[in-house]
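Asks: A single structure is presented below for examination.
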Amino acid sequence: MNDALIFESLFLIFLFANIALGFYLYLREAKSIREHRNKVPHVFSGLVSLDAHKAASDARLYADKVNEIRHLSNLVLVLLLTFGGGVTWFSTLLTNQLGSGLFTQILFALVVALAFLVINALFLAIAKNPEKNSSYLILRNFGSTRSKVSNVVFFVLIVSAVLTCWSIGVSSWWILAWAVSAALVIGASMVSRTVAYPVHPLADGELKSRLDKFLEKIGFESQGVFAADSDRLGSGSGVFISGFGTNKKVIVTESLIERLNPSEIEAMIANEIGQYKFQTGFKAYLPYLILSFIFFGLLAYFSTKPWFFQGLGISSGFDVNHGVVLVLFSLAAYVFLFPLIPLRNALLWKAEENAERSSVKLVDWNAMISGTAKFASDKAGSVTLDPLYLVFNSTRTDSMHRIMDIQHLAPRHTRQRDSWLPNA
């Protein structure tokens, strides 16, 4: 058996295993939701009616079904691009029309990425709950329109920069590409966080005065607390830290202000500040820097192996350019790395737990739990999700897990039976 056939077999095994694993996870998720559909979880009693809980469970089931179809559609597109001849056909079409230069290679890579983006955006729209104009498919906010636009712009810059570095022709091109792309990714994160949401100053009054004193008390330097339209700010906690250094802004949604009491708002702000500290800085970016370094190293290695292309359905006589190699390697990484997603999410969950561990010392942890429950009560927070499904599909734990984590992290002498139940 030659190397090309071995790689082809492994690729197809992993691809169809992805399909099987995705279907298995969906069945687990559907079972968990159905089993808990007819009873409101204890922590949400008094906040969510049984009818509302059933409606949220049904909406979540529908969204998860759409999510599974989306996952299947992505894998079908991978097959069409590789063994279906899509990469060969489209690359030949662009080359015949525009030549084989750098611009053509960049355009090829961006159009393929656009195809996946359109598929995911379409299914995200389908999964939305029209009654609340919110999606139960996504557990963590993707960001505002501003941040999405900035992320798209930076993605174009990253692809262009990588292929430009590659075209230089030096043996260490991949190290240069890694360094440039890492700088752009970090820059994109900073810009996205800075321009994320349109805000307005919080109205002067007792709440503003109390929150300003709270920020001063815990030593968080910022420009103060600002408010945002709750329809535009989709943060899972209703709080978002925008900017860096002394230009930071603490943004809270109008919905959070209306639903929570001052102690609960302070608790939610404290938790988000903890998240901010663990999501920014060198330690936060270190895992990405390591993984991206490995990615580019492997890209440089596989780009020189004919069996890699043949194993992905590319004929030996096809003239492969850098744009094609980047796309093929990205498709292969998407297929082979799917089983490792829980490891990435586990690291993010651990960072979230560390943030909760630091923030629970700053405020009344009962207020943090009741605030989490209240804010999540109208966002399908009462739905009981399957833990294994969640670790494959979310970079953040759901509200039920966060509440249990906070209770576990609270000082032992303050714990009382059922003391964590929120006040309606």
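Please note that chains go A, B, ... in the order of the structure tokens, that every chain numbers its residues from 1, and that ligands are numbered from 1 in the order shown.
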DSSP on the backbone, strand (DSSP E or B) only: what residues of range 9-161 of chain A does that give? Format it as a PyMOL selection string.
Replies: chain A and resi 128-129+134-135
Asks: May I have the residues within 7 Å of Val252 in chain A as a PyMOL selection string, using only C-alpha atoms and disregarding those fewer than 5 positions away in the same chain?
Replies: chain A and resi 226-228+238-240
Asks: Could you name the residues that touch Ser189 in chain A at 12 Å or less, counting only C-alpha atoms, but leaving out those on the same chain fewer than 5 positions away, as a list in words?
Replies: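 In the requested format, the answer is Gly143, Ser147, Lys148, Ser150, Asn151, Val152, Val153, Phe154, Phe155, Ala182, Ala183, Leu184, Thr194, Val195, Ala196, Ser242, Gly243, Phe244, Gln279, Thr280, Gly281, Ala284 and Tyr285 of chain A.
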Asks: Here is a test: counting only C-alpha atoms, which residue of A:Pro201, A:Pro287, A:Gly46, A:Gly224 is nearest to Leu347 in chain A?
Replies: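 Counting only C-alpha atoms, the residue closest to Leu347 in chain A is A:Pro287.
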Asks: Going by DSSP on the backbone, which residues of range 125-310 of chain A come out as alpha helix (DSSP H)? List them as a ChimeraX atom specification.
Replies: /A:125-126,145-167,173-194,206-218,254-259,262-279,282-302,306-310
Asks: Compile the contact shell of Phe11 in chain A as a PyMOL selection string: residues with an atom at most 10 Å away, counting only C-alpha atoms, same-chain residues fewer than 5 positions apart removed.
Replies: chain A and resi 5-6+16-17+311-312+332-333+335-336
Asks: Would you export the selected residues with N, CA, C and O atoms as a PDB file, in the first residue's frame, please?
Replies:
```pdb
ATOM      1  N   LEU A   5      -2.365   6.158  -0.781  1.00  0.00           N
ATOM      2  CA  LEU A   5      -3.531   5.353  -0.430  1.00  0.00           C
ATOM      3  C   LEU A   5      -3.726   5.303   1.083  1.00  0.00           C
ATOM      4  O   LEU A   5      -4.865   5.333   1.580  1.00  0.00           O
ATOM      5  N   ILE A   6      -2.613   5.231   1.825  1.00  0.00           N
ATOM      6  CA  ILE A   6      -2.702   5.226   3.285  1.00  0.00           C
ATOM      7  C   ILE A   6      -3.318   6.539   3.786  1.00  0.00           C
ATOM      8  O   ILE A   6      -4.225   6.543   4.626  1.00  0.00           O
ATOM      9  N   PHE A  16     -15.651  10.236   7.917  1.00  0.00           N
ATOM     10  CA  PHE A  16     -16.909   9.542   8.227  1.00  0.00           C
ATOM     11  C   PHE A  16     -17.053   9.300   9.729  1.00  0.00           C
ATOM     12  O   PHE A  16     -18.180   9.219  10.236  1.00  0.00           O
ATOM     13  N   ALA A  17     -15.929   9.210  10.436  1.00  0.00           N
ATOM     14  CA  ALA A  17     -16.004   9.120  11.893  1.00  0.00           C
ATOM     15  C   ALA A  17     -16.534  10.436  12.469  1.00  0.00           C
ATOM     16  O   ALA A  17     -17.268  10.435  13.470  1.00  0.00           O
ATOM     17  N   GLY A 311      -3.561  11.838  -2.050  1.00  0.00           N
ATOM     18  CA  GLY A 311      -4.449  11.262  -1.041  1.00  0.00           C
ATOM     19  C   GLY A 311      -5.711  12.062  -0.813  1.00  0.00           C
ATOM     20  O   GLY A 311      -6.664  11.576  -0.195  1.00  0.00           O
ATOM     21  N   LEU A 312      -5.737  13.307  -1.316  1.00  0.00           N
ATOM     22  CA  LEU A 312      -6.927  14.147  -1.203  1.00  0.00           C
ATOM     23  C   LEU A 312      -7.656  14.281  -2.537  1.00  0.00           C
ATOM     24  O   LEU A 312      -8.453  15.199  -2.735  1.00  0.00           O
ATOM     25  N   ALA A 332      -7.883  19.322   5.455  1.00  0.00           N
ATOM     26  CA  ALA A 332      -7.409  18.132   6.153  1.00  0.00           C
ATOM     27  C   ALA A 332      -7.364  18.364   7.661  1.00  0.00           C
ATOM     28  O   ALA A 332      -7.750  17.504   8.458  1.00  0.00           O
ATOM     29  N   ALA A 333      -6.887  19.560   8.068  1.00  0.00           N
ATOM     30  CA  ALA A 333      -6.829  19.882   9.494  1.00  0.00           C
ATOM     31  C   ALA A 333      -8.238  19.908  10.097  1.00  0.00           C
ATOM     32  O   ALA A 333      -8.445  19.441  11.221  1.00  0.00           O
ATOM     33  N   VAL A 335     -10.758  18.122   9.267  1.00  0.00           N
ATOM     34  CA  VAL A 335     -11.225  16.745   9.422  1.00  0.00           C
ATOM     35  C   VAL A 335     -10.481  16.031  10.540  1.00  0.00           C
ATOM     36  O   VAL A 335     -11.085  15.396  11.412  1.00  0.00           O
ATOM     37  N   PHE A 336      -9.161  16.132  10.556  1.00  0.00           N
ATOM     38  CA  PHE A 336      -8.364  15.359  11.511  1.00  0.00           C
ATOM     39  C   PHE A 336      -8.421  15.916  12.929  1.00  0.00           C
ATOM     40  O   PHE A 336      -8.243  15.170  13.898  1.00  0.00           O
TER      41      PHE A 336
END
```
Asks: For Thr304 in chain A, please output as a PyMOL selection string all residues within 12 Å (counting only C-alpha atoms; exclusion window: fewer than 6 positions along the same chain).
Replies: chain A and resi 171+297-298+320-322+325+329
Asks: What separation in Å, quoted to one decimal, exists between CA of Glu266 in chain A and CA of Pro41 in chain A?
Replies: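 A separation of 24.9 Å between them.
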Asks: Show which residues sit within 12 Å of Gln310 in chain A, as an MDAnalysis selection string. Count only C-alpha atoms, and ignore same-chain residues fewer than 6 positions away.
Replies: chainID A and resid 2:9 11 82:83 85 88 302:303 316:318 320 325 328
Asks: Please, could you write that set of residues out with N, CA, C and O atoms as a compact mmCIF listing (two decimals), in the first residue's frame?
Replies:
```
# COMPACT_ATOMS: atom_id res chain seq x y z
N ASN A 2 0.68 2.16 -0.98
CA ASN A 2 1.54 3.34 -1.07
C ASN A 2 1.07 4.43 -0.10
O ASN A 2 0.00 4.35 0.50
N ASP A 3 1.93 5.45 0.04
CA ASP A 3 1.65 6.52 1.00
C ASP A 3 0.37 7.27 0.69
O ASP A 3 -0.38 7.65 1.59
N ALA A 4 0.09 7.50 -0.61
CA ALA A 4 -1.11 8.23 -1.00
C ALA A 4 -2.37 7.47 -0.58
O ALA A 4 -3.33 8.07 -0.08
N LEU A 5 -2.37 6.16 -0.78
CA LEU A 5 -3.53 5.35 -0.43
C LEU A 5 -3.73 5.30 1.08
O LEU A 5 -4.86 5.33 1.58
N ILE A 6 -2.61 5.23 1.82
CA ILE A 6 -2.70 5.23 3.28
C ILE A 6 -3.32 6.54 3.79
O ILE A 6 -4.22 6.54 4.63
N PHE A 7 -2.82 7.66 3.25
CA PHE A 7 -3.34 8.95 3.68
C PHE A 7 -4.80 9.11 3.28
O PHE A 7 -5.62 9.63 4.07
N GLU A 8 -5.14 8.67 2.07
CA GLU A 8 -6.53 8.75 1.63
C GLU A 8 -7.45 7.95 2.54
O GLU A 8 -8.54 8.41 2.92
N SER A 9 -7.01 6.76 2.92
CA SER A 9 -7.82 5.91 3.80
C SER A 9 -8.01 6.56 5.16
O SER A 9 -9.13 6.59 5.70
N PHE A 11 -7.85 9.76 5.88
CA PHE A 11 -8.68 10.95 5.71
C PHE A 11 -10.16 10.57 5.67
O PHE A 11 -10.99 11.18 6.36
N THR A 82 -12.54 18.02 -2.46
CA THR A 82 -11.39 17.12 -2.61
C THR A 82 -11.68 16.04 -3.65
O THR A 82 -11.32 16.17 -4.81
N PHE A 83 -12.34 14.99 -3.24
CA PHE A 83 -12.58 13.86 -4.13
C PHE A 83 -13.63 14.17 -5.19
O PHE A 83 -13.72 13.47 -6.20
N GLY A 85 -13.54 16.88 -6.91
CA GLY A 85 -12.85 17.66 -7.94
C GLY A 85 -13.08 19.15 -7.88
O GLY A 85 -12.69 19.88 -8.79
N THR A 88 -9.75 21.27 -7.90
CA THR A 88 -9.11 21.22 -9.22
C THR A 88 -9.86 22.08 -10.22
O THR A 88 -9.28 22.88 -10.97
N PHE A 302 3.98 19.08 4.66
CA PHE A 302 3.08 18.37 3.75
C PHE A 302 3.07 18.99 2.34
O PHE A 302 2.75 18.31 1.37
N SER A 303 3.41 20.28 2.25
CA SER A 303 3.40 20.94 0.94
C SER A 303 4.44 20.35 0.00
O SER A 303 4.36 20.58 -1.22
N SER A 316 -1.96 13.57 -10.09
CA SER A 316 -0.53 13.86 -10.06
C SER A 316 -0.12 14.87 -11.12
O SER A 316 0.91 15.53 -10.98
N GLY A 317 -0.89 15.03 -12.19
CA GLY A 317 -0.53 15.97 -13.25
C GLY A 317 -1.02 17.38 -13.03
O GLY A 317 -0.71 18.27 -13.82
N PHE A 318 -1.75 17.61 -11.93
CA PHE A 318 -2.31 18.95 -11.69
C PHE A 318 -1.25 19.87 -11.09
O PHE A 318 -0.51 19.48 -10.19
N VAL A 320 -0.19 22.30 -8.73
CA VAL A 320 -0.66 22.79 -7.43
C VAL A 320 0.08 24.07 -7.06
O VAL A 320 1.31 24.11 -7.05
N VAL A 325 -2.59 24.51 -1.94
CA VAL A 325 -2.00 23.77 -0.81
C VAL A 325 -2.58 24.26 0.52
O VAL A 325 -2.92 23.46 1.39
N LEU A 328 -6.15 22.91 0.83
CA LEU A 328 -6.17 21.46 1.06
C LEU A 328 -5.72 21.12 2.48
O LEU A 328 -6.31 20.27 3.15
```
